Structure formats: C-alpha cells, structure tokens
Amino acid sequence: MREPGFSKLAGRVAAGLTALREGLRIVPYYWGGTHGATLAADGLSLPAEPGGTARGVAEGDPDDASAAAWAALYADPYAELVLAAAGAPQVIERPPGSLPPDQLIRARLASLAAGGDAPAVELGPGLARAATDLAAHPLLAPAADALAPDDLAALAGRSLAARVIADALDSDAPLVPVGDSRDAVVDRLAVALGAQPRGTERGVRSLVLRVAGSAASRAVVRRRRALTEAAHPAAADILRYLSRGAAVRAELRHLVTGLEPPVTLVGHSLGGIIALDTLVSAPLPQVRLLVTAGSQGPFLYESGSLPSLEHPAPLPSHVPDWLNLYDSRDLLSYLGGGLFPGRVTDVAVDSRQPFPASHSAYWTNPEVYRHIVDRLP
C-alpha cells in the first residue's frame, strides 16, 4: 500500500478499533515508501508489448483482440454458444418433415467423441469428453437456429478447443499449445463438424471476438508497466522483502521498542508477514498480541520461504498470541492453526466479495474489528 492510500487505510483502521474501545493509541508503520519495490531503471526490464514497445501499444492489434476473445473462451468455453443462442429467433417455422438444424451437429459431435482425443492431440486430452458435453448442451439448439451451418461448426470447434485447453490450464499442465497449433486444431474440428475448409485464413472470427474483442480487449490492462507497478503489493514487494527484508524488520523493531506495552501488532497481507517474521526473529516483550489479516505467513512457512523460520521448526515460545483472520474467498489468506497447534487462532470472516476484492475488504468489515478488540490485552 502506497500513499495516499496508506494514510486512508490507517485512519479507517484506527476509527474502527477506537470506536469499540477507548484509549487505544494507533501507531501506523508505513514501510512501503522506504522499503517498497520500485522500477529503479524506469522499466527497462519490461519486454515490448505486442504491436508496440514497453511504453506504447498499437491500438486495434488483431492478435491482441484475438487473445482477448480466447481468454473469454478459456474462462467459459460455452461463452460464444450463449451469445449465439441469445440471437435465435423467437418463433421458427420449418417445412414439414425437415430436421432441426441442431440434430446434424449433435450427430457429428457424437461421432467425433467416439473417435477419442486424436483429432486434438496437440492440445492435450479431453476432446471426447468435451464433444459429448457440447452435444448435450441445451443451448446448442437455439444457437443452431441462429447461425449458418458453417458458422455453427466453427463455433463448435472453438468451443471444443477452448474446453480442452481450459482443462489443461486447470490441471496446471506444463505444456500449452501456441495459437497457431490451436487454430489448426480448430480448423480441423470445424471441418469434421461440417464446415468448409477456410484456406489460409487465420485467427478466431467469432461472436466472442466481435463482442469481447471490441469491449473486453479494451478492459484488459494492456500496458505491462502499469500492470507490473500495480502488482507490487502482491508480487514485487514480497520478492523484495524476502530477499532484503532485514531493514524493514529492524525499523519495525525500533518503532515497537519505543512504545509503551502492551502492544498489538496488526498486519495485513505482506504487513502480516513482516510482523510475524520480526516477532520470530527475536523477542519483543512489549508485543502481547499479533493480528494478521489476509496474510501469507503460514504459507511461506510451510513452503520453506519464511526467512526467520523453516518448516518443521516450531513457533518460538517468545512469539505472542496470534490471531489470524482469513476469508475463504481471499486466495491470499492462509491458515496457521494446523501448522502451529495451540499457538494460532484462525478466525474466518466473510466479506461476501469475490477475489481479489475480498483481499481488500477486511477493513470495512465490522466483524474484523470486533474480533481484534475482543482479543486485545
């Protein structure tokens, strides 16, 4: 957290605590200004953006728009199917004896599934399952009513490829195909599902491209410098602390030594790591309670990355009581009770926010302040 945000946060925390208990003195420790990560060489380490440089990007890059469309499909392989179905006519009159247009694509999907995963072997396993699931999808019928057979076959091919790659990403597969391989498989699947060969035409031409590519691609952060700087609290600051954290701990220790006990250290995210690491390193008798919220200290300890303590070494006896607040929707919060039995109290709080908003919602949650004040010495 950088200024002016840090002062606003510190003021909110002070107000939340003193509203429940009078006489508290809140002493903020702003370490980010001195010890936080910066791009010291003005971003010279950043590669050039596609279609431009590290400091400028060509607008309207078709590859960038295609990547945005595929990102939407990896998140939901049926996203394009939903958009197509939404455009289907409300009432459809068919000649007597004619077959619904989805019947043929379902039969071809069933035939594709029967052949196994070979037609998409470059993408990884799962094609047969993906084809079976798409054939049974309830929106396939309205999508078939809305699209020409060639377009429907191409849509189905993209959906199948996206499903296989999404499954590979979910399983943390070590190899993910490049776009050229993916597009070649999509063309192959589309032809198998009834589309005419597209010749030399490349790329994804889809409803997702027209909708997500024109809107979502603008919403995607395209300037890597801004993304890198925005990620400092979660990435570069942690890396800098883990490699050069002694000065931060020494400064915090000096601050606490000058305070009148009993002292409670309250740390959010990386602040909780710093507080824990400082307390583990050497006794600070003024501190009677450690409070962490949305913090990665337990994870760093278990993974062997906490500088002051390596698993399975126990928590030193001089570390005070530890209240660890976490939100199950906050993917940057971790549990300490199982790692340090009897030494850590893990307490769940619920912001009703998705991640990453859940990681920043602790200090507007009245539950958090009540839990802290109830434990203050």
# chains A, B, ... in the order shown; residues from 1 in each chain; ligands from 1
$ closest_atom_pairs --of "range 230-274 of chain A" --to "range 12-16 of chain A" --cutoff "12 Å" --atoms "only C-alpha atoms" --output "JSON lines"
{"residue": "A:Val266", "atom": "CA", "partner": "A:Val13", "partner_atom": "CA", "distance": 9.7}
{"residue": "A:Gly267", "atom": "CA", "partner": "A:Val13", "partner_atom": "CA", "distance": 11.0}
{"residue": "A:His268", "atom": "CA", "partner": "A:Val13", "partner_atom": "CA", "distance": 11.0}
$ residues_around --residues "Ile372 in chain A" --least-positions-apart "2" --cutoff "12 Å" --atoms "only C-alpha atoms" --output "MDAnalysis selection string"
chainID A and resid 13:14 16:18 20:21 264:267 289:293 321:325 345 347 349 362:363 365:370 374:377
$ write_last_selection --atoms "N, CA, C and O atoms" --output "tab-separated table (two decimals), in the first residue's frame"
chain	number	residue	atom	x	y	z
A	13	VAL	N	-8.70	2.02	9.94
A	13	VAL	CA	-8.43	1.01	10.97
A	13	VAL	C	-8.49	1.65	12.36
A	13	VAL	O	-9.08	1.09	13.30
A	14	ALA	N	-7.89	2.82	12.51
A	14	ALA	CA	-7.91	3.50	13.81
A	14	ALA	C	-9.33	3.82	14.23
A	14	ALA	O	-9.71	3.61	15.39
A	16	GLY	N	-12.08	2.27	13.28
A	16	GLY	CA	-12.81	1.04	13.57
A	16	GLY	C	-12.47	0.46	14.93
A	16	GLY	O	-13.34	-0.06	15.63
A	17	LEU	N	-11.21	0.56	15.34
A	17	LEU	CA	-10.79	0.00	16.63
A	17	LEU	C	-11.19	0.90	17.80
A	17	LEU	O	-11.71	0.42	18.82
A	18	THR	N	-10.95	2.20	17.67
A	18	THR	CA	-11.25	3.11	18.78
A	18	THR	C	-12.74	3.28	19.00
A	18	THR	O	-13.17	3.65	20.10
A	20	LEU	N	-14.72	0.87	19.20
A	20	LEU	CA	-15.11	-0.25	20.05
A	20	LEU	C	-14.37	-0.25	21.39
A	20	LEU	O	-14.82	-0.92	22.33
A	21	ARG	N	-13.26	0.46	21.45
A	21	ARG	CA	-12.52	0.50	22.72
A	21	ARG	C	-11.77	1.83	22.82
A	21	ARG	O	-10.90	2.13	22.00
A	264	THR	N	-0.02	-4.39	20.43
A	264	THR	CA	-0.56	-5.37	19.49
A	264	THR	C	-0.10	-5.00	18.09
A	264	THR	O	-0.28	-3.86	17.66
A	265	LEU	N	0.52	-5.94	17.39
A	265	LEU	CA	0.91	-5.71	16.00
A	265	LEU	C	-0.21	-6.20	15.09
A	265	LEU	O	-0.64	-7.37	15.20
A	266	VAL	N	-0.69	-5.34	14.21
A	266	VAL	CA	-1.74	-5.67	13.26
A	266	VAL	C	-1.17	-5.54	11.86
A	266	VAL	O	-0.71	-4.46	11.47
A	267	GLY	N	-1.18	-6.62	11.10
A	267	GLY	CA	-0.61	-6.60	9.76
A	267	GLY	C	-1.53	-7.21	8.74
A	267	GLY	O	-2.13	-8.27	8.97
A	289	LEU	N	0.21	-9.37	21.48
A	289	LEU	CA	-0.73	-9.99	20.53
A	289	LEU	C	-0.29	-9.65	19.10
A	289	LEU	O	0.07	-8.51	18.81
A	290	LEU	N	-0.32	-10.67	18.24
A	290	LEU	CA	-0.10	-10.49	16.81
A	290	LEU	C	-1.43	-10.73	16.11
A	290	LEU	O	-2.08	-11.75	16.34
A	291	VAL	N	-1.81	-9.80	15.23
A	291	VAL	CA	-3.03	-9.96	14.43
A	291	VAL	C	-2.62	-9.88	12.96
A	291	VAL	O	-1.99	-8.91	12.53
A	292	THR	N	-2.96	-10.92	12.21
A	292	THR	CA	-2.74	-10.90	10.77
A	292	THR	C	-4.08	-11.05	10.07
A	292	THR	O	-4.96	-11.78	10.53
A	293	ALA	N	-4.22	-10.37	8.94
A	293	ALA	CA	-5.45	-10.45	8.14
A	293	ALA	C	-5.06	-10.65	6.68
A	293	ALA	O	-4.23	-9.90	6.15
A	321	ASP	N	0.53	-14.46	21.50
A	321	ASP	CA	-0.70	-14.99	20.93
A	321	ASP	C	-0.89	-14.43	19.52
A	321	ASP	O	-0.58	-13.27	19.25
A	322	TRP	N	-1.42	-15.29	18.66
A	322	TRP	CA	-1.55	-14.91	17.25
A	322	TRP	C	-2.99	-15.12	16.81
A	322	TRP	O	-3.50	-16.23	16.82
A	323	LEU	N	-3.64	-14.02	16.41
A	323	LEU	CA	-4.98	-14.06	15.84
A	323	LEU	C	-4.85	-13.90	14.34
A	323	LEU	O	-4.37	-12.86	13.85
A	324	ASN	N	-5.28	-14.90	13.60
A	324	ASN	CA	-5.14	-14.91	12.15
A	324	ASN	C	-6.52	-14.87	11.50
A	324	ASN	O	-7.29	-15.82	11.58
A	325	LEU	N	-6.85	-13.74	10.89
A	325	LEU	CA	-8.15	-13.54	10.25
A	325	LEU	C	-8.03	-13.88	8.76
A	325	LEU	O	-7.10	-13.42	8.09
A	345	THR	N	-4.84	-18.75	16.50
A	345	THR	CA	-6.30	-18.83	16.42
A	345	THR	C	-6.72	-18.32	15.04
A	345	THR	O	-6.61	-17.12	14.75
A	347	VAL	N	-9.53	-17.35	12.51
A	347	VAL	CA	-10.92	-16.91	12.57
A	347	VAL	C	-11.37	-16.52	11.17
A	347	VAL	O	-10.74	-15.66	10.53
A	349	VAL	N	-13.70	-14.71	8.48
A	349	VAL	CA	-14.60	-13.58	8.30
A	349	VAL	C	-15.10	-13.63	6.86
A	349	VAL	O	-14.43	-14.18	5.98
A	362	TYR	N	-11.22	-6.49	4.30
A	362	TYR	CA	-11.17	-6.76	5.74
A	362	TYR	C	-11.50	-5.51	6.55
A	362	TYR	O	-12.22	-5.57	7.55
A	363	TRP	N	-10.99	-4.37	6.13
A	363	TRP	CA	-11.03	-3.20	6.99
A	363	TRP	C	-12.30	-2.38	6.85
A	363	TRP	O	-12.44	-1.32	7.45
A	365	ASN	N	-15.08	-4.39	7.24
A	365	ASN	CA	-15.92	-5.44	7.82
A	365	ASN	C	-15.97	-5.29	9.34
A	365	ASN	O	-14.95	-5.47	10.01
A	366	PRO	N	-17.13	-4.96	9.89
A	366	PRO	CA	-17.22	-4.78	11.35
A	366	PRO	C	-16.78	-6.01	12.13
A	366	PRO	O	-16.28	-5.89	13.26
A	367	GLU	N	-16.96	-7.21	11.55
A	367	GLU	CA	-16.52	-8.44	12.24
A	367	GLU	C	-15.04	-8.39	12.59
A	367	GLU	O	-14.61	-8.86	13.65
A	368	VAL	N	-14.25	-7.86	11.67
A	368	VAL	CA	-12.80	-7.83	11.86
A	368	VAL	C	-12.45	-7.04	13.11
A	368	VAL	O	-11.66	-7.48	13.96
A	369	TYR	N	-13.05	-5.87	13.27
A	369	TYR	CA	-12.73	-5.03	14.42
A	369	TYR	C	-13.20	-5.66	15.73
A	369	TYR	O	-12.51	-5.57	16.76
A	370	ARG	N	-14.36	-6.31	15.68
A	370	ARG	CA	-14.84	-6.97	16.90
A	370	ARG	C	-13.90	-8.09	17.32
A	370	ARG	O	-13.61	-8.25	18.52
A	374	ASP	N	-11.87	-7.88	20.85
A	374	ASP	CA	-12.16	-8.93	21.84
A	374	ASP	C	-10.88	-9.62	22.33
A	374	ASP	O	-10.87	-10.18	23.43
A	375	ARG	N	-9.81	-9.57	21.53
A	375	ARG	CA	-8.58	-10.25	21.90
A	375	ARG	C	-7.51	-9.31	22.43
A	375	ARG	O	-6.43	-9.78	22.85
A	376	LEU	N	-7.75	-8.01	22.42
A	376	LEU	CA	-6.71	-7.08	22.87
A	376	LEU	C	-6.35	-7.29	24.33
A	376	LEU	O	-7.26	-7.50	25.16
A	377	PRO	N	-5.07	-7.24	24.65
A	377	PRO	CA	-4.67	-7.38	26.06
A	377	PRO	C	-5.05	-6.15	26.85
A	377	PRO	O	-5.29	-5.08	26.31
$ residues_around --residues "Ala247 in chain A" --least-positions-apart "3" --cutoff "10 Å" --atoms "only C-alpha atoms" --output "list in words"
Trp31, Thr34, His35, Tyr241, Arg244, Ala250, Glu251, Leu252 and Arg253 of chain A
$ write_last_selection --atoms "all heavy atoms" --output "compact mmCIF listing (two decimals), in the first residue's frame"
# COMPACT_ATOMS: atom_id res chain seq x y z
N TRP A 31 6.02 1.28 5.80
CA TRP A 31 7.29 0.78 5.31
C TRP A 31 7.43 0.91 3.80
O TRP A 31 8.53 0.88 3.25
CB TRP A 31 7.47 -0.68 5.71
CG TRP A 31 6.36 -1.57 5.25
CD1 TRP A 31 5.23 -1.92 5.93
CD2 TRP A 31 6.24 -2.20 3.97
NE1 TRP A 31 4.43 -2.72 5.16
CE2 TRP A 31 5.03 -2.91 3.95
CE3 TRP A 31 7.05 -2.23 2.84
CZ2 TRP A 31 4.60 -3.64 2.85
CZ3 TRP A 31 6.62 -2.95 1.73
CH2 TRP A 31 5.41 -3.66 1.75
N THR A 34 9.86 3.64 1.94
CA THR A 34 11.31 3.44 2.02
C THR A 34 11.74 2.08 1.51
O THR A 34 12.76 1.96 0.82
CB THR A 34 11.78 3.59 3.48
OG1 THR A 34 11.40 4.88 3.96
CG2 THR A 34 13.29 3.43 3.59
N HIS A 35 10.98 1.05 1.83
CA HIS A 35 11.42 -0.32 1.57
C HIS A 35 10.63 -1.02 0.47
O HIS A 35 10.93 -2.17 0.15
CB HIS A 35 11.33 -1.15 2.85
CG HIS A 35 12.10 -0.57 4.00
ND1 HIS A 35 13.47 -0.53 4.01
CD2 HIS A 35 11.68 0.02 5.15
CE1 HIS A 35 13.88 0.05 5.14
NE2 HIS A 35 12.81 0.39 5.84
N TYR A 241 11.01 -8.04 -0.15
CA TYR A 241 11.11 -8.30 1.29
C TYR A 241 11.83 -9.61 1.56
O TYR A 241 12.70 -9.68 2.45
CB TYR A 241 9.72 -8.33 1.93
CG TYR A 241 9.81 -8.80 3.36
CD1 TYR A 241 10.30 -7.96 4.34
CD2 TYR A 241 9.48 -10.12 3.70
CE1 TYR A 241 10.45 -8.39 5.65
CE2 TYR A 241 9.63 -10.56 5.00
CZ TYR A 241 10.11 -9.70 5.98
OH TYR A 241 10.28 -10.13 7.26
N ARG A 244 15.53 -8.89 0.83
CA ARG A 244 16.19 -7.79 1.53
C ARG A 244 15.28 -7.24 2.63
O ARG A 244 15.02 -6.04 2.69
CB ARG A 244 16.55 -6.68 0.54
CG ARG A 244 17.58 -7.10 -0.49
CD ARG A 244 17.97 -5.93 -1.39
NE ARG A 244 19.02 -6.31 -2.32
CZ ARG A 244 18.81 -6.87 -3.51
NH1 ARG A 244 17.57 -7.11 -3.91
NH2 ARG A 244 19.82 -7.19 -4.30
N ALA A 250 14.20 -4.41 11.13
CA ALA A 250 14.93 -3.58 12.10
C ALA A 250 14.18 -2.29 12.39
O ALA A 250 14.13 -1.84 13.54
CB ALA A 250 16.33 -3.27 11.55
N GLU A 251 13.61 -1.71 11.37
CA GLU A 251 12.86 -0.46 11.56
C GLU A 251 11.61 -0.69 12.39
O GLU A 251 11.28 0.10 13.28
CB GLU A 251 12.51 0.13 10.20
CG GLU A 251 11.99 1.55 10.24
CD GLU A 251 11.85 2.14 8.86
OE1 GLU A 251 10.78 1.96 8.24
OE2 GLU A 251 12.82 2.76 8.39
N LEU A 252 10.91 -1.80 12.13
CA LEU A 252 9.72 -2.12 12.92
C LEU A 252 10.11 -2.41 14.37
O LEU A 252 9.44 -1.96 15.31
CB LEU A 252 9.00 -3.33 12.31
CG LEU A 252 7.78 -3.84 13.08
CD1 LEU A 252 6.73 -2.74 13.26
CD2 LEU A 252 7.18 -5.06 12.40
N ARG A 253 11.19 -3.13 14.56
CA ARG A 253 11.65 -3.44 15.92
C ARG A 253 11.98 -2.15 16.68
O ARG A 253 11.63 -2.00 17.86
CB ARG A 253 12.87 -4.35 15.84
CG ARG A 253 13.43 -4.80 17.19
CD ARG A 253 14.51 -5.83 17.00
NE ARG A 253 13.98 -7.01 16.32
CZ ARG A 253 13.30 -7.97 16.94
NH1 ARG A 253 13.11 -7.90 18.26
NH2 ARG A 253 12.86 -8.99 16.28
$ residues_around --residues "Asp151 in chain A" --least-positions-apart "3" --cutoff "12 Å" --atoms "only C-alpha atoms" --output "list in words"
Glu80, Leu81, Ala84, Ile105, Ala143, Ala144, Asp145, Ala146, Leu147, Ala148, Ala154, Leu155, Ala156, Gly157, Arg158, Asp187, Ala190, Val191, Leu193, Gly194, Ala195, Gln196, Pro197, Arg198, Val204, Arg205, Ser206 and Leu207 of chain A
$ closest_residue --among "A:Ala19, A:Asp183, A:Gly33, A:Leu73" --to "Glu3 in chain A" --atoms "only C-alpha atoms"
A:Gly33
$ residues_around --residues "Gly294 in chain A" --least-positions-apart "3" --cutoff "6 Å" --atoms "only C-alpha atoms" --output "list in words"
His268, Ser269, Tyr326, Leu332 and Ser333 of chain A
